Structure formats: C-alpha cells, structure tokens
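Visitor: Below you'll find upload-v3.cif; it's mmCIF, C-alpha atoms.
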```cif
data_data
loop_
_atom_site.label_atom_id
_atom_site.label_comp_id
_atom_site.auth_asym_id
_atom_site.auth_seq_id
_atom_site.Cartn_x
_atom_site.Cartn_y
_atom_site.Cartn_z
CA MET A 27 -19.14 -23.03 6.93
CA LYS A 28 -15.52 -23.61 5.93
CA ASN A 29 -12.79 -23.65 8.50
CA ARG A 30 -10.86 -20.45 8.90
CA ARG A 31 -7.16 -20.27 8.13
CA SER A 32 -4.96 -20.67 11.18
CA SER A 33 -4.22 -17.34 12.85
CA LEU A 34 -0.56 -18.38 13.01
CA GLN A 35 -0.59 -18.98 9.27
CA ILE A 36 -1.59 -15.37 8.55
CA ALA A 37 -0.21 -13.54 11.59
CA ALA A 38 3.13 -12.76 9.98
CA GLU A 39 1.25 -10.74 7.36
CA MET A 40 -0.90 -8.74 9.80
CA LYS A 41 -0.56 -5.35 11.35
CA GLY A 42 -3.14 -3.59 13.47
CA CYS A 43 -3.90 -0.45 15.40
CA ILE A 44 -6.39 0.71 18.00
CA ILE A 45 -7.84 4.23 18.21
CA LYS A 46 -10.27 5.81 20.63
CA ASN A 47 -13.56 6.34 18.79
CA ASP A 48 -13.89 9.96 19.92
CA GLU A 49 -10.59 10.78 18.20
CA ILE A 50 -11.48 9.56 14.70
CA SER A 51 -14.45 8.32 12.67
CA ILE A 52 -14.89 5.40 10.28
CA LYS A 53 -15.11 8.01 7.49
CA ASP A 54 -11.78 9.55 8.56
CA ILE A 55 -10.15 6.13 8.63
CA CYS A 56 -11.41 5.37 5.12
CA ASN A 57 -10.05 8.70 3.90
CA ILE A 58 -6.62 8.04 5.44
CA ILE A 59 -6.50 4.51 4.01
CA GLY A 60 -7.11 6.09 0.63
CA ASP A 61 -7.88 3.02 -1.49
CA VAL A 62 -11.19 1.93 0.06
CA ASP A 63 -12.86 2.24 -3.35
CA ASN A 64 -10.56 -0.50 -4.72
CA TYR A 65 -12.36 -3.11 -2.58
CA ASN A 66 -15.78 -4.55 -1.89
CA TRP A 67 -16.85 -4.40 1.75
CA LEU A 68 -18.85 -6.76 3.91
CA ILE A 69 -20.27 -4.98 6.95
CA THR A 70 -21.45 -7.32 9.73
CA ASN A 71 -22.43 -7.22 13.41
CA ILE A 72 -24.02 -3.85 12.62
CA GLU A 73 -25.24 -1.63 15.42
CA CYS A 74 -25.33 2.01 14.45
CA TYR A 75 -27.71 4.95 14.54
CA PRO A 76 -28.06 6.88 11.27
CA SER A 77 -31.03 9.21 10.89
CA ASP A 78 -31.08 9.07 7.09
CA GLU A 79 -33.75 6.50 6.07
CA GLU A 80 -31.82 5.40 2.99
CA ILE A 81 -28.79 4.53 5.13
CA VAL A 82 -31.03 2.78 7.66
CA LYS A 83 -32.43 0.54 4.89
CA ILE A 84 -28.94 -0.35 3.67
CA LEU A 85 -27.59 -1.20 7.12
CA ASP A 86 -30.67 -2.69 8.79
CA ASN A 87 -29.82 -6.24 7.70
CA GLU A 88 -27.75 -9.18 8.86
CA TYR A 89 -24.97 -7.93 6.62
CA CYS A 90 -24.30 -5.30 3.98
CA TRP A 91 -22.23 -5.97 0.83
CA ILE A 92 -21.14 -2.71 -0.74
CA GLU A 93 -18.58 -1.49 -3.26
CA GLY A 94 -15.89 0.79 -1.88
CA SER A 95 -17.22 3.84 -3.72
CA GLY A 96 -20.69 3.15 -2.28
CA LEU A 97 -19.22 2.86 1.22
CA LEU A 98 -17.45 6.20 0.82
CA ASP A 99 -20.69 7.81 -0.42
CA LEU A 100 -22.64 6.34 2.50
CA LEU A 101 -20.11 7.61 5.05
CA ALA A 102 -20.00 11.05 3.38
CA LYS A 103 -23.78 11.37 3.41
CA GLU A 104 -24.13 11.36 7.20
CA GLU A 105 -21.79 11.21 10.17
CA PHE A 106 -23.43 8.86 12.68
CA GLN A 107 -22.48 6.72 15.64
CA TRP A 108 -21.26 3.17 15.19
CA ILE A 109 -21.51 1.02 18.31
CA TRP A 110 -20.54 -2.32 16.77
CA GLY A 111 -19.56 -3.29 13.27
CA VAL A 112 -16.93 -5.10 11.26
CA PHE A 113 -16.02 -3.72 7.84
CA SER A 114 -14.14 -6.45 5.98
CA GLY A 115 -12.45 -5.40 2.74
CA PHE A 116 -12.14 -7.86 -0.15
CA SER A 117 -10.43 -7.80 -3.51
CA LYS A 118 -12.98 -6.97 -6.21
CA GLU A 119 -12.31 -10.37 -7.79
CA ILE A 120 -13.83 -12.12 -4.75
CA LYS A 121 -17.60 -12.50 -5.11
CA LEU A 122 -20.21 -12.33 -2.35
CA HIS A 123 -21.12 -16.03 -2.63
CA GLU A 124 -17.47 -16.91 -1.86
CA VAL A 125 -17.39 -14.55 1.13
CA LEU A 126 -20.63 -15.96 2.56
CA LYS A 127 -19.17 -19.49 2.73
CA TYR A 128 -17.48 -18.38 5.96
CA ASP A 129 -18.77 -17.18 9.32
CA TYR A 130 -19.61 -13.49 9.57
CA PRO A 131 -16.94 -11.45 11.33
CA TYR A 132 -18.19 -9.92 14.57
CA ALA A 133 -16.98 -7.43 17.17
CA ASP A 134 -19.27 -7.89 20.17
CA GLY A 135 -17.75 -10.73 22.17
CA TYR A 136 -14.83 -11.50 19.85
CA LYS A 137 -11.81 -12.09 22.12
CA ARG A 138 -9.10 -12.57 19.50
CA PHE A 139 -8.70 -8.81 19.03
CA TRP A 140 -6.94 -8.79 22.39
CA GLU A 141 -4.57 -11.67 21.68
CA ASN A 142 -1.31 -11.80 19.77
CA PRO A 143 -0.65 -12.63 17.04
CA ILE A 144 -3.40 -10.48 15.59
CA ALA A 145 -5.38 -11.83 12.66
CA LEU A 146 -8.23 -11.00 10.35
CA GLN A 147 -11.45 -12.83 11.15
CA HIS A 148 -12.46 -13.50 7.56
CA PRO A 149 -9.90 -15.61 5.69
CA LEU A 150 -10.54 -13.90 2.33
CA ALA A 151 -10.36 -10.31 3.63
CA VAL A 152 -7.44 -7.96 3.10
CA SER A 153 -8.36 -5.50 5.86
CA GLU A 154 -10.89 -5.10 8.66
CA ILE A 155 -12.11 -1.93 10.31
CA VAL A 156 -13.91 -2.66 13.57
CA ALA A 157 -16.22 -0.40 15.56
CA TRP A 158 -15.92 -1.81 19.07
CA ASP A 159 -18.52 -0.94 21.72
CA GLY A 160 -18.84 2.65 20.51
CA SER A 161 -15.52 3.50 22.14
CA LEU A 162 -12.75 2.06 19.98
CA ILE A 163 -11.92 1.49 16.36
CA LEU A 164 -9.55 -1.29 15.44
CA VAL A 165 -7.90 -1.65 12.05
CA ILE A 166 -6.24 -4.90 11.06
CA SER A 167 -4.69 -5.33 7.64
CA GLN A 168 -2.39 -7.47 5.56
CA LYS A 169 -1.19 -4.17 4.12
CA SER A 170 1.18 -2.63 6.69
CA GLU A 171 1.05 0.72 4.87
CA VAL A 172 -2.65 1.02 5.80
CA VAL A 173 -1.95 0.73 9.53
CA ASN A 174 1.24 2.81 9.28
CA ALA A 175 -0.72 5.65 7.63
CA LEU A 176 -3.27 5.60 10.45
CA ILE A 177 -0.61 5.65 13.14
CA GLU A 178 1.29 8.45 11.39
CA ASN A 179 -1.88 10.55 10.85
CA ASN A 180 -3.42 10.12 14.30
CA THR A 181 -1.48 10.69 17.50
CA PHE A 182 -4.05 8.61 19.40
CA ALA A 183 -3.51 5.47 17.29
CA GLN A 184 -1.52 2.69 18.94
CA ASN A 185 0.00 -0.46 17.52
CA LEU A 186 -2.48 -3.20 18.44
CA GLU A 187 0.13 -5.88 19.18
CA LYS A 188 2.00 -3.52 21.54
CA TYR A 189 -1.29 -2.55 23.18
CA ASN A 190 -2.13 -6.23 23.73
CA MET A 191 1.32 -6.94 25.17
CA GLU A 192 1.09 -3.99 27.58
CA TYR A 193 -2.39 -5.06 28.66
CA PHE A 194 -1.24 -8.66 29.20
CA ASN A 195 1.80 -7.48 31.20
CA THR A 196 -0.47 -5.30 33.34
CA LEU A 197 -2.72 -8.30 34.07
CA VAL A 198 0.30 -10.41 35.02
CA ARG A 199 1.52 -7.72 37.46
CA ILE A 200 -1.95 -7.43 39.01
CA LYS A 201 -2.15 -11.19 39.58
CA LYS A 202 1.25 -11.21 41.38
#
```
Reformat the file's structure so that it appears as structure tokens.
Guide:
Amino acid sequence: MKNRRSSLQIAAEMKGCIIKNDEISIKDICNIIGDVDNYNWLITNIECYPSDEEIVKILDNEYCWIEGSGLLDLLAKEEFQWIWGVFSGFSKEIKLHEVLKYDYPYADGYKRFWENPIALQHPLAVSEIVAWDGSLILVISQKSEVVNALIENNTFAQNLEKYNMEYFNTLVRIKK
C-alpha cells in the first residue's frame, strides 16, 4: 500500500462536522450535500442491517464501489441502521484500481477523527461520510460548502474541529 499524504499537508483544505445519528440519516446527509451523484463512492468498514436482500448482497463485502446515483438509489430503497461505515467520495475520473492501492478507510478504532487538524483517511477522496458506532455521523470534506450546508441545515451539527478542541480542553481540566 502507498503511504498516505501527511495530514498536515491536507488539513488546511479540510472541514468537518459531527452529528448525532438519531438526528439525521446517511440518506439525509446525501440529500443536503446535493452533488453525491457527481462522485463514485467506496464504502468500507461496513456494519449495517438492511432487510432488503439486494442491498445485503451489495454491502456484504469487504468494500462496495458504487456510483453516486446508485448510492442514492440504494439509500432511497430502504432506511436502515448503519453501525459502522466510511463512505469515501472520489472524482469520477479516479478509477477503482487507483483507489485500492491505499488502505481502506475505517471507523471502528480510528483515532484521528478526534484529533486536530482533521483529515480525510483516503488520500484520493474529496469527502468522507462516517457512520460511527451507530451513534454519530461525521462528515469531512475538502469542500467547505458541503460541511457548511450540513451545519446550516441541522441544528444538531457541530464543527468537528471545535468539538475536538472542547473535548481536549475538558480532558485537560479533568486531569488537573
């Protein structure tokens, strides 16, 4: 696997937000983002519980590579629970074989979500939507308008960097 770009190298480009999972769904996030169909999506670290057998077949693999329109159709077909999952969005010019040269993004156990500066896991991705432990959804993007739209359209969305700073400051106070 190739080395990832330095998080400092790409941090200046990143913006992120965190939302409680019971306040919004992956489908809602995709609808707010609005241009999901302009990208191809790699879904990894998949743990979810659809009842539709067709969806189960698509997602019951190590990863799922899907066009944006296919992702929107899948999410529209059935509303189901996501426990873990990383949806990494790529420009349509980037092919699957290029994407697979790098480690799969993952949510379960990934600590960098909670550190500043925030960064995308996959160096070729433009955005990542992360289902985290069935309780949170994180969105990290090079496109600040994506995160801004989510924060503006959901009163429960918080800026991820501010959230991380507040959490860190709380830990420092507890240790004193």
Visitor: Have a look at A:Asp78, A:Glu93, A:Asp99, A:Glu141 and name the one nearest to Leu122 of chain A; count only C-alpha atoms.
Guide: A:Glu93
Visitor: In Å, rounded to a single decimal, give me how far atom CA of Asp63 of chain A is from atom CA of Phe113 of chain A.
Guide: 13.1 Å
Visitor: What would the selection look like, as a VMD selection string, if the PyMOL selection byres ((chain A and resi 92) around 6) were run on the coordinates I just shared?
Guide: chain A and resid 66 to 67 91 93
Visitor: List as a count of residues only the residues having at least one atom at most 8 Å from position (-13.4, 2.8, 19.2) as given in the file, counting all atoms listed in the file.
Guide: 14
Visitor: Considering only C-alpha atoms, can you say which of A:Trp108, A:Ser77, A:Asn179, A:Asn71 comes closest to Tyr130 of chain A?
Guide: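 For Tyr130 of chain A, the nearest of the given residues is A:Asn71.
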Visitor: At what distance in Å, to one decimal, does atom CA of Lys53 of chain A lie from atom CA of Ala102 of chain A?
Guide: 7.1 Å
Visitor: So which residues touch Val152 of chain A within 9 Å, counting only C-alpha atoms, skipping near sequence neighbours fewer than 2 positions away, as JSON, numbers by chain?
Guide: {"A": [65, 114, 115, 116, 117, 146, 148, 149, 150, 154, 166, 167, 168, 169]}
Visitor: Measuring atom to atom with all atoms listed in the file, identify which of A:Ser95, A:Val172, A:Leu85, A:Tyr189 is nearest to Phe139 of chain A.
Guide: A:Tyr189
Visitor: Suppose you want the space between atom CA of Tyr75 of chain A and atom CA of Phe106 of chain A; what is it in Å?
Guide: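 Separation of atom CA of Tyr75 of chain A and atom CA of Phe106 of chain A: 6.1 Å.
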Visitor: Using only C-alpha atoms, can you tell me which of A:Val125, A:Val165, A:Ile69, A:Ala145 comes closest to Leu97 of chain A?
Guide: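 Comparing A:Val125, A:Val165, A:Ile69, A:Ala145 against Leu97 of chain A, the winner is A:Ile69.
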Visitor: For Lys41 of chain A, which residue among A:Met191, A:Ile144, A:Ile58, A:Ile177 is the nearest when counting only C-alpha atoms?
Guide: A:Ile144
